[in-house]
Each structure stands twice: as structure tokens, then as C-alpha cells.
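Pasting my_file22.txt here (compact mmCIF, C-alpha atoms and all ligand atoms):
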```txt
# COMPACT_ATOMS: atom_id res chain seq x y z
CA MET A 555 29.27 -27.93 -27.02
CA HIS A 556 27.78 -25.14 -29.14
CA LEU A 557 24.98 -23.92 -26.83
CA ARG A 558 26.56 -21.79 -24.13
CA PRO A 559 24.04 -19.52 -22.28
CA ARG A 560 26.96 -18.12 -20.28
CA ARG A 561 28.05 -16.11 -23.37
CA ASN A 562 25.16 -13.71 -22.59
CA ARG A 563 26.49 -13.22 -19.06
CA ARG A 564 30.15 -12.67 -19.92
CA THR A 565 30.52 -8.90 -19.32
CA PRO A 566 28.53 -6.22 -17.46
CA ALA A 567 27.75 -4.56 -20.81
CA ILE A 568 26.32 -7.76 -22.33
CA ARG A 569 24.37 -8.50 -19.14
CA SER A 570 22.86 -5.01 -19.25
CA LEU A 571 21.84 -5.56 -22.90
CA VAL A 572 19.99 -8.79 -22.20
CA ARG A 573 18.45 -7.76 -18.86
CA GLU A 574 14.70 -8.44 -18.98
CA THR A 575 13.57 -6.40 -15.98
CA VAL A 576 14.85 -3.01 -14.88
CA LEU A 577 13.91 -1.48 -11.54
CA SER A 578 13.37 2.25 -11.53
CA PRO A 579 12.50 4.79 -8.81
CA THR A 580 9.35 5.52 -10.84
CA ASP A 581 8.09 2.02 -9.97
CA PHE A 582 7.80 2.91 -6.29
CA VAL A 583 5.22 4.35 -3.92
CA GLN A 584 6.46 5.43 -0.47
CA PRO A 585 4.07 4.70 2.43
CA LEU A 586 4.27 7.46 5.06
CA PHE A 587 2.81 7.50 8.58
CA VAL A 588 1.46 10.75 9.95
CA HIS A 589 0.18 11.82 13.37
CA ASP A 590 -1.16 14.97 14.97
CA GLY A 591 1.88 15.70 17.15
CA THR A 592 4.55 18.31 16.50
CA ASP A 593 7.43 15.85 16.77
CA ASP A 594 8.63 13.12 14.42
CA VAL A 595 8.56 9.84 16.35
CA PRO A 596 10.46 6.72 15.24
CA ILE A 597 8.18 3.65 15.17
CA PRO A 598 9.55 0.90 17.46
CA SER A 599 7.78 -1.93 15.61
CA MET A 600 9.12 -0.70 12.25
CA PRO A 601 12.76 0.42 12.49
CA GLY A 602 13.56 3.01 9.83
CA CYS A 603 9.95 4.28 9.74
CA VAL A 604 8.65 7.39 11.49
CA ARG A 605 5.32 8.80 12.58
CA TRP A 606 5.70 12.21 10.95
CA SER A 607 4.29 15.50 12.13
CA LEU A 608 2.69 17.50 9.32
CA ALA A 609 5.84 19.62 8.99
CA GLY A 610 8.09 16.52 9.03
CA LEU A 611 5.85 14.81 6.50
CA VAL A 612 6.36 17.59 3.98
CA VAL A 613 10.15 17.53 4.44
CA GLU A 614 10.25 13.74 4.05
CA ALA A 615 7.92 13.77 1.03
CA ARG A 616 10.21 16.30 -0.64
CA GLU A 617 13.16 13.93 -0.17
CA VAL A 618 11.10 11.05 -1.56
CA TRP A 619 10.13 13.17 -4.58
CA GLU A 620 13.69 14.39 -5.14
CA ALA A 621 14.93 10.79 -5.07
CA GLY A 622 12.72 10.22 -8.13
CA VAL A 623 9.79 8.43 -6.44
CA PRO A 624 6.55 9.80 -7.94
CA ALA A 625 4.02 8.90 -5.24
CA VAL A 626 3.33 8.57 -1.52
CA VAL A 627 0.48 6.82 0.31
CA LEU A 628 -0.61 8.18 3.68
CA PHE A 629 -1.47 6.23 6.82
CA PRO A 630 -2.74 8.21 9.83
CA ALA A 631 -2.26 7.37 13.50
CA ILE A 632 -5.43 8.62 15.15
CA SER A 633 -5.56 9.30 18.89
CA ASP A 634 -7.79 6.98 20.92
CA ASP A 635 -10.23 9.75 21.89
CA GLN A 636 -11.01 10.32 18.19
CA LYS A 637 -11.86 6.66 17.57
CA THR A 638 -15.58 5.87 17.63
CA PRO A 639 -17.73 2.85 16.73
CA GLY A 640 -19.03 4.86 13.72
CA ALA A 641 -15.52 6.02 12.67
CA GLU A 642 -16.86 9.51 11.95
CA GLU A 643 -13.40 11.08 12.11
CA ALA A 644 -12.66 9.31 8.80
CA TRP A 645 -14.55 11.99 6.84
CA ASN A 646 -13.85 15.06 8.98
CA PRO A 647 -12.74 17.70 6.42
CA GLU A 648 -10.39 19.14 9.06
CA GLY A 649 -9.09 15.67 9.99
CA LEU A 650 -5.45 14.64 9.87
CA VAL A 651 -5.45 13.07 6.39
CA PRO A 652 -7.16 15.97 4.56
CA ARG A 653 -4.80 18.41 6.27
CA ALA A 654 -1.82 16.27 5.28
CA VAL A 655 -3.02 16.02 1.68
CA ARG A 656 -3.46 19.79 1.43
CA ALA A 657 0.00 20.43 2.92
CA LEU A 658 1.63 17.99 0.48
CA LYS A 659 -0.17 19.26 -2.61
CA GLU A 660 0.68 22.84 -1.70
CA ALA A 661 4.39 22.14 -1.18
CA LEU A 662 4.80 19.52 -3.93
CA PRO A 663 2.07 19.95 -6.55
CA GLY A 664 3.65 17.36 -8.85
CA LEU A 665 3.75 14.59 -6.26
CA CYS A 666 1.04 11.92 -6.63
CA VAL A 667 -0.71 11.74 -3.26
CA ILE A 668 -2.60 8.52 -2.50
CA THR A 669 -4.85 8.05 0.52
CA ASP A 670 -5.92 4.83 2.24
CA VAL A 671 -9.67 4.31 2.37
CA ALA A 672 -10.62 2.00 5.27
CA LEU A 673 -12.01 2.58 8.72
CA ASP A 674 -9.49 0.74 10.91
CA PRO A 675 -7.46 3.80 12.05
CA TYR A 676 -10.70 5.53 13.15
CA ASN A 677 -12.73 2.62 14.37
CA ALA A 678 -12.59 1.88 18.09
CA ASP A 679 -12.85 -1.82 17.18
CA GLY A 680 -9.82 -1.87 14.90
CA HIS A 681 -11.76 -3.35 11.98
CA ASP A 682 -11.75 -1.98 8.44
CA GLY A 683 -15.54 -1.75 8.52
CA LEU A 684 -18.43 -0.96 10.84
CA VAL A 685 -19.11 -3.68 13.39
CA GLU A 686 -22.19 -5.30 14.86
CA TRP A 687 -21.64 -7.61 17.86
CA ASP A 688 -23.31 -10.97 18.22
CA GLU A 689 -24.38 -12.64 21.51
CA ALA A 690 -21.04 -14.43 21.76
CA GLY A 691 -19.26 -11.05 21.66
CA MET A 692 -17.88 -11.66 18.20
CA PRO A 693 -17.83 -8.94 15.54
CA ARG A 694 -19.86 -9.05 12.34
CA ILE A 695 -18.58 -6.57 9.73
CA LEU A 696 -21.46 -4.74 8.05
CA ASN A 697 -20.73 -4.53 4.32
CA ASP A 698 -23.22 -2.05 2.87
CA GLU A 699 -23.18 0.36 5.83
CA THR A 700 -19.38 0.34 5.64
CA VAL A 701 -19.42 1.10 1.93
CA GLU A 702 -21.50 4.24 2.61
CA ALA A 703 -18.93 5.36 5.16
CA LEU A 704 -16.07 4.63 2.74
CA CYS A 705 -17.76 6.80 0.10
CA ARG A 706 -17.82 9.72 2.56
CA GLN A 707 -14.17 9.11 3.43
CA ALA A 708 -13.12 8.91 -0.24
CA LEU A 709 -14.99 12.15 -1.04
CA CYS A 710 -13.33 13.90 1.88
CA HIS A 711 -9.90 12.85 0.56
CA ALA A 712 -10.78 13.89 -3.01
CA GLU A 713 -11.96 17.31 -1.80
CA ALA A 714 -8.61 17.77 -0.04
CA GLY A 715 -6.83 17.08 -3.36
CA ALA A 716 -5.82 13.41 -3.28
CA ASP A 717 -4.81 12.15 -6.73
CA LEU A 718 -5.86 8.57 -6.01
CA VAL A 719 -7.97 7.06 -3.27
CA SER A 720 -7.05 3.53 -2.32
CA PRO A 721 -9.70 1.33 -0.70
CA SER A 722 -7.92 -1.31 1.42
CA ASP A 723 -11.00 -2.56 3.27
CA MET A 724 -12.08 -5.50 1.02
CA MET A 725 -15.84 -4.77 1.33
CA ASP A 726 -17.91 -5.99 -1.63
CA GLY A 727 -19.01 -3.40 -4.18
CA ARG A 728 -17.04 -0.50 -2.76
CA VAL A 729 -15.18 0.42 -5.95
CA ALA A 730 -18.43 1.00 -7.90
CA MET A 731 -19.98 2.99 -5.07
CA ILE A 732 -16.87 5.13 -4.53
CA ARG A 733 -16.60 5.79 -8.28
CA HIS A 734 -20.25 6.84 -8.32
CA ALA A 735 -19.86 9.09 -5.27
CA LEU A 736 -16.76 10.79 -6.71
CA ASP A 737 -18.36 11.36 -10.11
CA ALA A 738 -21.57 12.74 -8.56
CA GLU A 739 -19.54 15.45 -6.82
CA GLY A 740 -17.41 16.39 -9.83
CA PHE A 741 -14.32 14.37 -8.91
CA GLU A 742 -14.23 12.34 -12.13
CA ASP A 743 -10.44 12.86 -12.34
CA THR A 744 -9.73 11.34 -8.93
CA GLY A 745 -8.48 7.79 -9.51
CA ILE A 746 -9.10 4.56 -7.62
CA LEU A 747 -6.22 2.24 -6.77
CA SER A 748 -8.06 -0.78 -5.41
CA TYR A 749 -6.61 -3.32 -3.00
CA SER A 750 -8.33 -6.02 -5.05
CA ALA A 751 -6.61 -9.13 -3.73
CA LYS A 752 -5.73 -8.35 -0.15
CA TYR A 753 -5.02 -11.44 1.90
CA ALA A 754 -5.68 -12.01 5.62
CA SER A 755 -1.95 -12.02 6.30
CA ALA A 756 0.21 -12.36 9.40
CA PHE A 757 2.72 -10.13 7.60
CA TYR A 758 0.71 -7.00 8.59
CA GLY A 759 1.64 -7.37 12.28
CA PRO A 760 4.26 -4.60 12.54
CA PHE A 761 1.99 -2.13 10.69
CA ARG A 762 -0.83 -2.69 13.14
CA GLY A 763 1.68 -2.04 15.93
CA ALA A 764 2.73 1.18 14.18
CA LEU A 765 -0.82 2.52 14.14
CA ASP A 766 -2.28 0.75 17.19
CA SER A 767 -4.88 -0.55 14.74
CA ALA A 768 -5.04 -4.28 15.49
CA PRO A 769 -8.60 -5.63 15.74
CA LYS A 770 -9.83 -5.67 19.36
CA ALA A 771 -11.79 -8.88 18.83
CA GLY A 772 -11.96 -11.42 16.04
CA ASP A 773 -9.80 -11.28 12.92
CA LYS A 774 -10.15 -9.98 9.36
CA LYS A 775 -10.84 -13.34 7.69
CA THR A 776 -14.46 -12.58 6.76
CA TYR A 777 -13.31 -9.78 4.46
CA GLN A 778 -9.62 -10.26 3.64
CA MET A 779 -8.82 -13.26 1.43
CA ASP A 780 -7.73 -16.74 2.42
CA PRO A 781 -3.99 -17.15 1.65
CA ALA A 782 -4.86 -20.53 0.12
CA ASN A 783 -6.83 -19.01 -2.76
CA ALA A 784 -5.59 -17.91 -6.18
CA ARG A 785 -8.61 -18.15 -8.51
CA GLU A 786 -10.54 -15.97 -6.09
CA ALA A 787 -7.97 -13.19 -6.63
CA ILE A 788 -8.75 -13.23 -10.35
CA ARG A 789 -12.46 -12.95 -9.52
CA GLU A 790 -11.85 -9.98 -7.21
CA VAL A 791 -9.68 -8.22 -9.81
CA GLY A 792 -12.32 -8.80 -12.50
CA LEU A 793 -15.02 -7.28 -10.30
CA ASP A 794 -12.92 -4.23 -9.40
CA GLU A 795 -12.06 -3.68 -13.07
CA ALA A 796 -15.75 -3.86 -14.01
CA GLU A 797 -16.61 -1.50 -11.14
CA GLY A 798 -14.22 1.14 -12.46
CA ALA A 799 -10.89 0.69 -10.68
CA ASP A 800 -8.02 2.49 -12.44
CA MET A 801 -5.34 0.24 -10.93
CA VAL A 802 -5.51 -3.01 -8.98
CA MET A 803 -3.32 -4.32 -6.18
CA VAL A 804 -2.08 -7.58 -4.73
CA LYS A 805 -1.04 -7.57 -1.06
CA PRO A 806 1.29 -8.79 0.42
CA ALA A 807 3.80 -9.06 -2.44
CA GLY A 808 6.74 -11.42 -1.78
CA PRO A 809 4.80 -14.49 -0.61
CA TYR A 810 2.20 -13.91 -3.38
CA LEU A 811 4.33 -13.65 -6.54
CA ASP A 812 2.20 -16.31 -8.25
CA ILE A 813 -0.88 -14.14 -7.63
CA ILE A 814 0.88 -11.07 -9.07
CA ALA A 815 1.80 -13.07 -12.20
CA ARG A 816 -1.72 -14.43 -12.67
CA VAL A 817 -3.34 -11.05 -12.09
CA ARG A 818 -0.92 -9.51 -14.61
CA GLU A 819 -2.19 -12.01 -17.21
CA SER A 820 -5.85 -11.46 -16.36
CA THR A 821 -6.15 -7.67 -16.71
CA THR A 822 -4.83 -4.83 -18.85
CA LEU A 823 -4.97 -2.45 -15.88
CA PRO A 824 -1.76 -1.42 -14.12
CA VAL A 825 -0.98 -3.92 -11.34
CA ALA A 826 0.42 -2.75 -8.01
CA ALA A 827 1.89 -4.94 -5.27
CA TYR A 828 2.47 -4.01 -1.63
CA GLN A 829 5.66 -5.21 0.04
CA VAL A 830 4.16 -5.05 3.53
CA SER A 831 5.56 -4.34 6.97
CA GLY A 832 6.38 -7.96 7.83
CA GLU A 833 8.29 -8.47 4.58
CA TYR A 834 10.22 -5.26 5.24
CA LEU A 835 10.99 -6.23 8.83
CA MET A 836 12.23 -9.70 7.96
CA ILE A 837 14.83 -8.13 5.70
CA GLU A 838 15.66 -5.30 8.10
CA SER A 839 16.09 -7.57 11.12
CA ALA A 840 18.22 -10.10 9.23
CA ALA A 841 20.35 -7.22 7.95
CA ALA A 842 20.66 -5.69 11.44
CA SER A 843 21.91 -9.05 12.74
CA GLY A 844 24.50 -9.09 9.98
CA TRP A 845 23.00 -12.26 8.50
CA VAL A 846 22.28 -10.80 5.06
CA ASP A 847 23.34 -7.81 3.01
CA GLY A 848 20.19 -5.74 3.56
CA ARG A 849 20.59 -3.51 0.55
CA ALA A 850 21.20 -6.40 -1.86
CA VAL A 851 18.35 -8.47 -0.43
CA ALA A 852 15.95 -5.52 -0.49
CA LEU A 853 16.73 -4.74 -4.14
CA GLU A 854 16.47 -8.43 -5.09
CA SER A 855 13.07 -8.72 -3.37
CA LEU A 856 11.83 -5.65 -5.28
CA MET A 857 13.23 -7.06 -8.55
CA GLY A 858 11.34 -10.31 -7.89
CA ILE A 859 8.09 -8.42 -7.37
CA LYS A 860 8.56 -6.45 -10.58
CA ARG A 861 9.63 -9.52 -12.58
CA ALA A 862 6.46 -11.32 -11.40
CA GLY A 863 4.45 -8.60 -13.13
CA ALA A 864 3.97 -5.62 -10.81
CA ASP A 865 4.03 -2.23 -12.53
CA ILE A 866 3.91 -0.37 -9.22
CA ILE A 867 5.46 -1.40 -5.89
CA LEU A 868 4.42 0.05 -2.55
CA THR A 869 7.45 -0.42 -0.33
CA TYR A 870 8.95 1.05 2.85
CA TYR A 871 12.24 0.94 0.92
CA ALA A 872 11.01 3.37 -1.77
CA LYS A 873 13.24 6.36 -0.95
CA ARG A 874 16.28 4.27 0.00
CA ALA A 875 15.92 1.95 -3.00
CA ALA A 876 15.65 4.94 -5.33
CA THR A 877 18.92 6.26 -3.91
CA TRP A 878 20.60 2.84 -4.26
CA LEU A 879 19.45 2.56 -7.88
CA ALA A 880 20.91 5.99 -8.66
CA GLU A 881 24.31 4.75 -7.40
CA ARG A 882 24.11 1.53 -9.40
CA GLN A 883 26.63 0.67 -12.00
CA ARG A 884 26.00 -1.53 -14.98
C1 LIG B 901 -5.63 -1.51 6.84
C2 LIG B 901 -4.27 -1.67 6.26
C3 LIG B 901 -3.34 -2.61 6.69
C4 LIG B 901 -2.19 -2.41 5.93
C5 LIG B 901 -2.42 -1.35 5.05
N1 LIG B 901 -3.74 -0.90 5.26
C6 LIG B 901 -3.40 -3.61 7.78
C7 LIG B 901 -4.54 -4.52 7.85
O1 LIG B 901 -5.26 -4.78 6.89
O2 LIG B 901 -4.76 -5.00 8.96
C8 LIG B 901 -0.93 -3.21 6.09
C9 LIG B 901 0.32 -2.64 5.55
C10 LIG B 901 1.55 -3.30 6.03
O3 LIG B 901 1.53 -4.30 6.78
O4 LIG B 901 2.62 -2.81 5.63
N2 LIG B 901 -6.59 -0.88 6.10
```
Could you write out this structure as C-alpha cells?
Ligand code: PBG
Amino acid sequence: MHLRPRRNRRTPAIRSLVRETVLSPTDFVQPLFVHDGTDDVPIPSMPGCVRWSLAGLVVEAREVWEAGVPAVVLFPAISDDQKTPGAEEAWNPEGLVPRAVRALKEALPGLCVITDVALDPYNADGHDGLVEWDEAGMPRILNDETVEALCRQALCHAEAGADLVSPSDMMDGRVAMIRHALDAEGFEDTGILSYSAKYASAFYGPFRGALDSAPKAGDKKTYQMDPANAREAIREVGLDEAEGADMVMVKPAGPYLDIIARVRESTTLPVAAYQVSGEYLMIESAAASGWVDGRAVALESLMGIKRAGADIILTYYAKRAATWLAERQR
């Protein structure tokens, strides 16, 4: 026998030499939840995650930054009395997200602050877009009217100082319109991280619990993608690239590694992937039951996402994983 692949695995030093993929804290984006209260409230549906007050948000973001993670993405919990069918709170310059962005940029000017552009936290109906109801009481999501609202929301976030706006709504044509709206107001340096291939996934359940943002009627299948489709993801990515996206995203991540790999081949843009709430919770709950080693499984899941082709990983593990990586030996 002269071919022995095990020779390349013999010692930690050799294994580190031949390692093809290396995870780094600079791969990660930390999602952070924020609310208008003065206390920091643990989220029951997402153990380990917290609805931060503005003051708590800044403290947490500093820890994230000091762990070596370069970016955060903000998700607001909006009180029911601020939710309207027109979602107007989404572009209130004194709203929760613009205040949070200003607080973060003031305290941590180097931190990359990303905002979510979609109407579901603000929309009384829980949909990412504006809704018209049919006779049967089912929602129809209005594309072009929604895109106008998203442009206002993106501008409001850019004015507050967001580095990147991140449309997660899956309306058609929104990247081009947002790019145009930003440029027209002098925000040509504000980037767009587009949720290009966002699937209608059951893995978002815990997140919707965290924000009380589940749709009141109907589902999101007329705008989010069918989990059965792969070619369609390439089409969506191609459109977003042509419309001016600076980065594209696949979401969820773990069950869609084939999509990440195909998207990586189809574009030269940076590719992000979102390890969503349900993926996080499956690992956390198995770890809490003592069934798996949570830290090892979390790092392996992130390695898989990076190996598939993601340059950027949005993950609830960002801060913890960065700390684990710093402790790693060869
Ligand atoms: C909505 C939005 C969702 C997530 C991020 N932005 C939920 C949805 O589309 O219903 C999910 C994130 C997660 O599950 O971790 N704009």
C-alpha cells in the first residue's frame, strides 16, 4: 500500500497545514434584538438570546466587537400599539432602530451596523409587506406599494448611520429601488446586503416568537421561496446582483448548504448565510439535554456553512463562537 491519506492527518501540526477551511470571528455577524424598555429581557423562545434595552444593546455590542466579531444586525420588537396596517413606524426617524443605530455608531464607530429592512415588526398583520385582504379573508401582499415603503425604511436607517441595509422581505425589484433611493439622497456609500434566496422555512418559528411577528393570517409562501427550488435561487441572486446588491444571502443555512455552494459558484459577490433561530435552537436544546456537545456541534455547523461557500455567517453563536475560536488549539 503506497497511498495512505492518513499521513496528512497524523499530527495536529500536519492537520493544521492541510486544513482547507478556517473559521474566524471575522466571518460572523451577531443578530441582536432590541426593544423600547429599560430592562434586558431574556427571550423564552430563544434561550441565550435577550431583548436588549438601548443601554444593554451598547454593552452587548461592545462585547461582540471585543470578541473580534465585526458586525451586528438589529431586529426590533415593536409594541402592539405602534403596529399599523401601513407600518408607518418603520420609517419614523425617532423610532427604535434609528435610535439604536445612532447609539451604536456613537459608542463603537468601527462596528459595522446592519439593519433589517422588512415591514413585519411594524405591520399589524405580521407580513413583510403591505397587505390587501380578499373576500375569503386571505392576505394578498402588495409588491410595488411595499417596495416604496421599504425605500423609506432603508433611507431612515441610512440617515441614522447604518453601514448596510438588509432587505429580508423578498419583494421583487426592491434592491434596485432601494439603491436608487439611497443614491438620490446622497447615501451612495450605504451598502445593501440582500436576502436574495430566502426560503419559506419552518426554521424561523422561534424568531417569530421572539418578536411576536408571526403572520396573523396566511403564510409567507407567495414571497419567500419554495424549499424545493434551487435554480430559482440562482435567478434571484442574479437579479439582485444586477440591481446593485453589494452582498447576497442564503437563508436558512444548514439545511440549504447545496444552495450556498451553487450561489458561491454563480456570483463573484460576497455570499452570506443565515444560521436561523430554529437551527440554533435544535443545537441548544440537544445540548441542554446533554445529548450532544453543544460547543463542538455549533462550531461544526458553522464550519459546514463556511466550507459550503459562505463568506459571512449570521449566527446567534457569533460572540460565543468567537470566544471558543480564541481558545482553540491547533
Ligand atoms: C423577517 C425576518 C425573519 C427572520 C429574519 N427576518 C422571519 C420571517 O421571515 O418570518 C428569521 C430569522 C431567524 O429565524 O433566525 N423579515
Exercise for the section: Return as a ChimeraX atom specification the residues of protein, DNA or RNA that approach ligand LIG 901 (chain B) to within 9 Å, with all atoms listed in the file taken into account. Expected result: /A:585,629,670-675,680-682,721-724,752-762,767-769,773-774,778,805-806,828-834,868-870
Handout entry: Atomic separation - atom CA of A:Trp606 relative to atom CA of A:Leu684, Å
Key =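 Atom-to-atom, atom CA of A:Leu684 to atom CA of A:Trp606, that is 27.5 Å.
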Exercise for the section: Counting all atoms listed in the file, figure out which residue out of A:Leu853, A:Val817, A:Ala876, A:Ala631 gets nearest to A:Ile597. Expected result: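 Selected residue with least distance to A:Ile597: A:Ala631.
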Problem - Pick from A:Glu713, A:Leu835, A:Asp581, A:Ala850, whichever lies nearest to A:Trp878 using all atoms listed in the file - result: A:Ala850
Fill in the blank from the handout: From the list A:Val651, A:Ala690, A:Ala827, A:Ala657, the nearest residue to A:Ala609 using only C-alpha atoms is A:Ala657
Handout entry: Cut-off 9 Å around (-15.5, -3.7, -2.3) with all atoms listed in the file: residues as a VMD selection string
Key = chain A and resid 697 701 721 to 731 748 to 750 790 793 to 794
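Counting from atom CA of A:Val595, the distance to atom CA of A:Arg653 is 18.8 Å.
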Exercise for the section: Considering all atoms listed in the file, return as a PyMOL selection string whatever protein or nucleic-acid residues lie within 10 Å of A:Leu628, sequence-local ones (same chain, fewer than 6 positions apart) excluded. Expected result: chain A and resi 584-588+611+651+654-655+667-671+720
Practice task
Calculate how many Å separate atom CA of A:Ala621 from atom CA of A:Arg874, rounding to one decimal.
Solution key: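 Distance reported for this atom pair: 8.4 Å.
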Using all atoms listed in the file, what residues lie at most 10 Å away from (-10.3, 18.7, -0.2) (file coordinates), given as a PDB file with C-alpha atoms, keeping the file's coordinate frame?
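Generated file (selection-v6.pdb):
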```pdb
ATOM      1  CA  PRO A 647     -12.740  17.700   6.420  1.00  0.00           C
ATOM      2  CA  GLU A 648     -10.390  19.140   9.060  1.00  0.00           C
ATOM      3  CA  VAL A 651      -5.450  13.070   6.390  1.00  0.00           C
ATOM      4  CA  PRO A 652      -7.160  15.970   4.560  1.00  0.00           C
ATOM      5  CA  ARG A 653      -4.800  18.410   6.270  1.00  0.00           C
ATOM      6  CA  VAL A 655      -3.020  16.020   1.680  1.00  0.00           C
ATOM      7  CA  ARG A 656      -3.460  19.790   1.430  1.00  0.00           C
ATOM      8  CA  LEU A 709     -14.990  12.150  -1.040  1.00  0.00           C
ATOM      9  CA  CYS A 710     -13.330  13.900   1.880  1.00  0.00           C
ATOM     10  CA  HIS A 711      -9.900  12.850   0.560  1.00  0.00           C
ATOM     11  CA  ALA A 712     -10.780  13.890  -3.010  1.00  0.00           C
ATOM     12  CA  GLU A 713     -11.960  17.310  -1.800  1.00  0.00           C
ATOM     13  CA  ALA A 714      -8.610  17.770  -0.040  1.00  0.00           C
ATOM     14  CA  GLY A 715      -6.830  17.080  -3.360  1.00  0.00           C
ATOM     15  CA  ALA A 716      -5.820  13.410  -3.280  1.00  0.00           C
TER      16      ALA A 716
END
```
Exercise for the section: Show which residues sit within 7 Å of A:Ile695, as a VMD selection string. Count all atoms listed in the file, and ignore same-chain residues fewer than 5 positions away. Expected result: chain A and resid 683 to 686
Practice task
Could you tell me which of A:Ala567, A:Ala782, A:Val576, A:Ile632 comes closest to A:Ala864 if we count only C-alpha atoms?
Solution key: A:Val576
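Minimum distance to A:Ser839 across A:Leu696, A:Ala771, A:Val825, A:Met600 (counting all atoms listed in the file) occurs at A:Met600.
Closest to A:Glu660 among A:Ala703, A:Val612, A:Met801, A:Ala807 is A:Val612, based on only C-alpha atoms.
Once A:Glu643 and its same-chain neighbours fewer than 4 positions away are set aside, Gln636, Gly649 and Tyr676 of chain A remain within 7 Å of it when counting only C-alpha atoms.
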For stretch 631-649 of chain A, I'd like the enclosing box, axis-aligned and padded by 3 Å on every side, reported as AutoDock Vina command-line options with centre and edge lengths in Å to one decimal.
```
--center_x -10.6 --center_y 11.0 --center_z 14.2 --size_x 22.8 --size_y 22.3 --size_z 21.5
```
Exercise for the section: List the neighbours of A:Arg733 out to 8 Å using only C-alpha atoms; skip same-chain residues closer than 2 positions along the sequence, and give me the result as a PyMOL selection string. Expected result: chain A and resi 729-731+735-737+742+746+797-798
Would you fill out stretch 808-815 of chain A with all heavy atoms and return it as a short mmCIF file (atom, residue, chain, number, x, y, z; two decimals), in the frame of the given file?
```
data_model
loop_
_atom_site.label_atom_id
_atom_site.label_comp_id
_atom_site.auth_asym_id
_atom_site.auth_seq_id
_atom_site.Cartn_x
_atom_site.Cartn_y
_atom_site.Cartn_z
N GLY A 808 5.73 -10.35 -1.67
CA GLY A 808 6.74 -11.42 -1.78
C GLY A 808 6.19 -12.83 -1.69
O GLY A 808 6.52 -13.68 -2.51
N PRO A 809 5.32 -13.13 -0.70
CA PRO A 809 4.80 -14.49 -0.61
C PRO A 809 3.68 -14.77 -1.63
O PRO A 809 3.15 -15.87 -1.64
CB PRO A 809 4.23 -14.56 0.82
CG PRO A 809 4.75 -13.35 1.52
CD PRO A 809 4.99 -12.33 0.48
N TYR A 810 3.33 -13.79 -2.46
CA TYR A 810 2.20 -13.91 -3.38
C TYR A 810 2.61 -13.60 -4.82
O TYR A 810 1.82 -13.08 -5.60
CB TYR A 810 1.05 -12.98 -2.93
CG TYR A 810 0.49 -13.42 -1.58
CD1 TYR A 810 1.10 -13.05 -0.39
CD2 TYR A 810 -0.62 -14.26 -1.50
CE1 TYR A 810 0.62 -13.48 0.84
CE2 TYR A 810 -1.11 -14.71 -0.28
CZ TYR A 810 -0.47 -14.32 0.89
OH TYR A 810 -0.95 -14.76 2.10
N LEU A 811 3.84 -13.96 -5.19
CA LEU A 811 4.33 -13.65 -6.54
C LEU A 811 3.52 -14.37 -7.60
O LEU A 811 3.33 -13.86 -8.71
CB LEU A 811 5.81 -14.02 -6.66
CG LEU A 811 6.78 -13.24 -5.77
CD1 LEU A 811 8.20 -13.72 -6.00
CD2 LEU A 811 6.68 -11.73 -6.02
N ASP A 812 3.03 -15.58 -7.28
CA ASP A 812 2.20 -16.31 -8.25
C ASP A 812 0.90 -15.54 -8.52
O ASP A 812 0.40 -15.52 -9.65
CB ASP A 812 1.89 -17.72 -7.74
CG ASP A 812 1.18 -17.71 -6.39
OD1 ASP A 812 1.49 -16.84 -5.55
OD2 ASP A 812 0.28 -18.56 -6.18
N ILE A 813 0.37 -14.91 -7.47
CA ILE A 813 -0.88 -14.14 -7.63
C ILE A 813 -0.60 -12.91 -8.52
O ILE A 813 -1.38 -12.60 -9.42
CB ILE A 813 -1.44 -13.69 -6.27
CG1 ILE A 813 -1.56 -14.87 -5.31
CG2 ILE A 813 -2.78 -12.97 -6.45
CD1 ILE A 813 -2.51 -15.95 -5.72
N ILE A 814 0.52 -12.24 -8.25
CA ILE A 814 0.88 -11.07 -9.07
C ILE A 814 0.96 -11.50 -10.54
O ILE A 814 0.42 -10.83 -11.43
CB ILE A 814 2.22 -10.46 -8.61
CG1 ILE A 814 2.09 -9.91 -7.19
CG2 ILE A 814 2.69 -9.37 -9.57
CD1 ILE A 814 3.42 -9.47 -6.57
N ALA A 815 1.62 -12.62 -10.81
CA ALA A 815 1.80 -13.07 -12.20
C ALA A 815 0.45 -13.41 -12.84
O ALA A 815 0.19 -13.06 -14.00
CB ALA A 815 2.74 -14.28 -12.24
#
```
